[in-house]
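Everything on this sheet refers to the single structure shown next.
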Amino acid sequence: MKLKAEIDSFNFTSNHLESYFNNEDYIIETIKSVGVFNHKIWLNTFHKPLTKNIVEAKILHTSTGLQVPIKRFSRSQDKQTLELAGLHGYNDRSKLLNRLFDDIKDDIQNEIITRLDVAIDFKGKIPNKVIKKLCEDRTLFTYRNTTYYKSESEKKCNNRLNIKTYNKSKMNNILEETIYRLEFSFLNSYIQKIKVKDFQILCKKMEKTIKRFSGLLVQIPIL
C-alpha cells in the first residue's frame, strides 16, 4: 500500500512572472532593487535575511492577506522565482497558498519548476526501519528541531536533494497530536528544467528516489 505524500513547497521561475499578478487582487512591493533596500520589512515578513545571491526581492501581497516572496538570483538575473512554501501546513496560511496556486496553475504550465518539497507525515513517530534506511548511505546530524541526512559527497551548499525530519507539531500549535515529518527537497540539479505541465513525469522520478532512500512506497498527487 502506498503512503500519501504531499507537496509542501513549490517554486517556479519565469521571465514575466509579475504579469500573472497584474490585477486588483495583488500588490507587488519592492524590497531590494537598484536604489531600494528595505531589509527590515523582509525580515519581519519572512523571518529570514536576504542573502547576497538575491539581487532583487519583492513581496507579493494578495487580497486574502498572503505575503509571498519573489526573488531574482544572481545566477539567472533574467528570471524571477515565486516561492510557495508551506502548502501542506495544517493552518489557514496553507489554505490560502493552495488557493493562490489554484488561481495561477493553468497559466504557468510552461514555466520551469525550480524546487519541490515533498512531505510525508507520520502520527506519533517515524518508523525505525525508515530511519535505518535513511542512514544506510547518509550521515545524520541534528540542529535545533531538525535532523538532516547528508551524503559523504554532499557539500554545505547542495542544489540537488536535501532530506530531513522534524517534529511538525512543535512548529504548529494548532495540531492536537504529535506529527513527525519526513521531507525531501528536490532542487534545480535534480529537477533539470522540467516544466509545470510535465509535473507527472517528475512525480514518478521523485517517488522512485523516495523509495530508494527511505524504503517507502509513496504516491504524490498530480497537480
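So you can find residues: chains in the C-alpha cells are A, B, ... in the order shown, residues in each start at 1, and ligands are numbered from 1 in order.
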
Please provide the set of residues having any atom within 12 Å of range 138-154 of chain A, restricted to only C-alpha atoms, with same-chain residues fewer than 6 positions apart removed, written as a compact mmCIF listing (two decimals) with N, CA and C atoms, in the first residue's frame.
# COMPACT_ATOMS: atom_id res chain seq x y z
N ILE A 131 14.12 5.29 9.36
CA ILE A 131 15.33 5.98 9.82
C ILE A 131 16.57 5.14 9.50
N LYS A 132 16.47 3.83 9.75
CA LYS A 132 17.59 2.92 9.48
C LYS A 132 17.96 2.94 7.99
N ARG A 160 20.84 19.73 -5.28
CA ARG A 160 20.18 18.56 -5.87
C ARG A 160 19.07 17.99 -4.97
N LEU A 161 19.44 17.53 -3.78
CA LEU A 161 18.48 16.85 -2.90
C LEU A 161 18.86 17.04 -1.44
N ASN A 162 17.89 17.46 -0.64
CA ASN A 162 18.06 17.52 0.81
C ASN A 162 17.00 16.63 1.46
N ILE A 163 17.41 15.92 2.51
CA ILE A 163 16.48 15.07 3.25
C ILE A 163 16.54 15.46 4.73
N LYS A 164 15.39 15.62 5.35
CA LYS A 164 15.37 15.98 6.76
C LYS A 164 14.11 15.46 7.43
N THR A 165 14.16 15.38 8.76
CA THR A 165 12.99 15.01 9.57
C THR A 165 12.86 16.01 10.70
N TYR A 166 11.61 16.24 11.12
CA TYR A 166 11.39 17.15 12.24
C TYR A 166 9.99 16.95 12.81
N ASN A 167 9.82 17.48 14.01
CA ASN A 167 8.54 17.42 14.71
C ASN A 167 7.67 18.57 14.20
N LYS A 168 6.72 18.26 13.35
CA LYS A 168 5.87 19.28 12.75
C LYS A 168 4.95 19.92 13.78
N SER A 169 4.51 19.17 14.76
CA SER A 169 3.57 19.69 15.75
C SER A 169 4.20 20.77 16.62
N LYS A 170 5.53 20.74 16.79
CA LYS A 170 6.21 21.78 17.56
C LYS A 170 6.18 23.12 16.84
N MET A 171 6.03 23.07 15.51
CA MET A 171 6.00 24.28 14.71
C MET A 171 4.58 24.80 14.49
N TYR A 180 5.27 13.85 13.06
CA TYR A 180 6.66 13.93 12.60
C TYR A 180 6.67 13.91 11.07
N ARG A 181 7.51 14.76 10.50
CA ARG A 181 7.56 14.88 9.05
C ARG A 181 8.90 14.43 8.49
N LEU A 182 8.83 13.62 7.45
CA LEU A 182 9.99 13.29 6.61
C LEU A 182 9.85 14.12 5.35
N GLU A 183 10.88 14.91 5.06
CA GLU A 183 10.77 15.86 3.95
C GLU A 183 11.94 15.69 2.97
N PHE A 184 11.59 15.60 1.69
CA PHE A 184 12.58 15.56 0.61
C PHE A 184 12.47 16.86 -0.17
N SER A 185 13.58 17.59 -0.24
CA SER A 185 13.62 18.83 -1.03
C SER A 185 14.36 18.55 -2.34
N PHE A 213 15.81 5.91 -0.96
CA PHE A 213 16.47 6.39 0.25
C PHE A 213 15.74 6.04 1.54
N SER A 214 14.41 5.85 1.48
CA SER A 214 13.66 5.62 2.72
C SER A 214 13.00 4.25 2.78

**OP:** Would you list the contacts of Lys129 in chain A as JSON, numbers by chain, taking every protein, DNA or RNA residue within 12 Å and counting only C-alpha atoms, but skipping same-chain residues closer than 5 positions in sequence?
**Re:** {"A": [134, 135, 136, 213, 214, 215, 216]}

Subject >> Who sits within 8 Å of Lys193 in chain A, only C-alpha atoms, same chain under 3 positions skipped, as a count of residues only >> reply: 4

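Considering the residues A:Ile59, A:Phe199, A:Asn172, A:Leu43 and counting only C-alpha atoms, Arg93 in chain A has its shortest atom-to-atom contact with A:Asn172.
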
**OP:** as an MDAnalysis selection string, please: all residues of range 9-185 of chain A that backbone DSSP puts in alpha helix (DSSP H).
**Re:** chainID A and resid 39:46 92:104 128:134 168:171

**OP:** Find the spatial neighbours of His61 in chain A, counting only C-alpha atoms, within a cut-off of 6 Å - ignore same-chain residues fewer than 3 positions away - and output them as a list in words.
**Re:**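 Counting only C-alpha atoms, the residues come to Tyr26, Ile27, Leu66 and Gln67 of chain A.
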
Write the residues you've just listed into a file as a PDB file, in the first residue's frame, and include N, CA and C atoms for each of them.
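Result saved to part-v7.pdb:
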ATOM      1  N   TYR A  26      -3.845  41.834  -6.373  1.00  0.00           N
ATOM      2  CA  TYR A  26      -2.450  41.711  -5.967  1.00  0.00           C
ATOM      3  C   TYR A  26      -1.757  43.072  -5.926  1.00  0.00           C
ATOM      4  N   ILE A  27      -0.816  43.199  -4.991  1.00  0.00           N
ATOM      5  CA  ILE A  27       0.089  44.339  -4.928  1.00  0.00           C
ATOM      6  C   ILE A  27       1.500  43.775  -4.799  1.00  0.00           C
ATOM      7  N   LEU A  66      -2.206  37.178   2.115  1.00  0.00           N
ATOM      8  CA  LEU A  66      -0.944  36.448   1.975  1.00  0.00           C
ATOM      9  C   LEU A  66       0.202  37.382   1.605  1.00  0.00           C
ATOM     10  N   GLN A  67       1.402  37.038   2.077  1.00  0.00           N
ATOM     11  CA  GLN A  67       2.633  37.660   1.589  1.00  0.00           C
ATOM     12  C   GLN A  67       3.545  36.541   1.080  1.00  0.00           C
TER      13      GLN A  67
END

Subject >> For Leu87 in chain A, the nearest of the candidates A:Phe73, A:Tyr190, A:Phe10, A:Phe21, counting only C-alpha atoms >> reply: A:Phe10

Subject >> Proximity to Glu6 in chain A - best of A:Gln219, A:Asn98, A:Ser33, A:Thr81, only C-alpha atoms >> reply: A:Gln219

Using DSSP on the backbone coordinates, identify all residues within range 41-92 of chain A classified as strand (DSSP E or B); present the result as a tab-separated table (two decimals) with N, CA and C atoms, in the first residue's frame.
chain	number	residue	atom	x	y	z
A	54	ILE	N	20.73	37.09	-3.80
A	54	ILE	CA	19.44	37.64	-4.21
A	54	ILE	C	19.67	39.09	-4.64
A	55	VAL	N	19.58	39.35	-5.93
A	55	VAL	CA	19.87	40.69	-6.45
A	55	VAL	C	18.62	41.57	-6.50
A	56	GLU	N	17.46	40.93	-6.44
A	56	GLU	CA	16.20	41.68	-6.40
A	56	GLU	C	15.20	40.88	-5.55
A	57	ALA	N	14.48	41.58	-4.69
A	57	ALA	CA	13.49	40.92	-3.84
A	57	ALA	C	12.22	41.76	-3.80
A	58	LYS	N	11.08	41.07	-3.93
A	58	LYS	CA	9.79	41.74	-3.86
A	58	LYS	C	8.84	40.87	-3.03
A	59	ILE	N	7.79	41.50	-2.53
A	59	ILE	CA	6.76	40.78	-1.79
A	59	ILE	C	5.45	40.88	-2.55
A	60	LEU	N	4.86	39.72	-2.84
A	60	LEU	CA	3.54	39.67	-3.45
A	60	LEU	C	2.50	39.68	-2.34
A	61	HIS	N	1.68	40.73	-2.30
A	61	HIS	CA	0.58	40.83	-1.33
A	61	HIS	C	-0.72	40.48	-2.06
A	62	THR	N	-1.47	39.55	-1.52
A	62	THR	CA	-2.74	39.16	-2.15
A	62	THR	C	-3.92	39.76	-1.38
A	67	GLN	N	1.40	37.04	2.08
A	67	GLN	CA	2.63	37.66	1.59
A	67	GLN	C	3.55	36.54	1.08
A	68	VAL	N	3.96	36.65	-0.18
A	68	VAL	CA	4.74	35.59	-0.82
A	68	VAL	C	6.00	36.21	-1.42
A	69	PRO	N	7.18	35.58	-1.23
A	69	PRO	CA	8.41	36.15	-1.76
A	69	PRO	C	8.60	35.94	-3.27
A	70	ILE	N	9.09	36.99	-3.91
A	70	ILE	CA	9.52	36.93	-5.30
A	70	ILE	C	11.00	37.32	-5.31
A	71	LYS	N	11.83	36.46	-5.90
A	71	LYS	CA	13.27	36.71	-5.87
A	71	LYS	C	13.87	36.65	-7.28
A	72	ARG	N	14.93	37.44	-7.46
A	72	ARG	CA	15.75	37.34	-8.67
A	72	ARG	C	17.17	37.05	-8.19
A	73	PHE	N	17.73	35.92	-8.65
A	73	PHE	CA	19.02	35.48	-8.18
A	73	PHE	C	20.15	35.91	-9.13
A	80	GLN	N	12.58	35.69	-12.59
A	80	GLN	CA	12.14	35.82	-11.21
A	80	GLN	C	11.59	34.48	-10.73
A	81	THR	N	11.74	34.24	-9.43
A	81	THR	CA	11.26	33.00	-8.83
A	81	THR	C	10.19	33.30	-7.80
A	82	LEU	N	9.05	32.61	-7.90
A	82	LEU	CA	7.99	32.71	-6.89
A	82	LEU	C	8.10	31.49	-5.99
A	83	GLU	N	8.09	31.72	-4.68
A	83	GLU	CA	8.25	30.65	-3.71
A	83	GLU	C	6.96	30.43	-2.93
A	84	LEU	N	6.32	29.29	-3.17
A	84	LEU	CA	5.11	28.91	-2.43
A	84	LEU	C	5.51	27.86	-1.40
A	85	ALA	N	5.87	28.31	-0.21
A	85	ALA	CA	6.37	27.42	0.84
A	85	ALA	C	5.33	27.28	1.94

**OP:** In Å, rounded to a single decimal, give me how far CA of Pro221 in chain A is from CA of Lys133 in chain A.
**Re:** 24.0 Å

**OP:** Within 8 Å of Glu207 in chain A, counting only C-alpha atoms, which residues show up once you throw out same-chain ones fewer than 5 positions away? Write them as number ranges by chain, please.
**Re:** A: 217-220

Dump of C-alpha atoms for the selected residues, as an mmCIF file, in the first residue's frame:
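Once everything was written out, this is again15.cif:
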data_model
loop_
_atom_site.group_PDB
_atom_site.id
_atom_site.type_symbol
_atom_site.label_atom_id
_atom_site.label_comp_id
_atom_site.auth_asym_id
_atom_site.auth_seq_id
_atom_site.Cartn_x
_atom_site.Cartn_y
_atom_site.Cartn_z
ATOM 1 C CA LEU A 217 6.279 3.442 -1.396
ATOM 2 C CA VAL A 218 4.572 6.800 -1.785
ATOM 3 C CA GLN A 219 2.124 8.447 -4.120
ATOM 4 C CA ILE A 220 2.498 12.137 -4.909
#
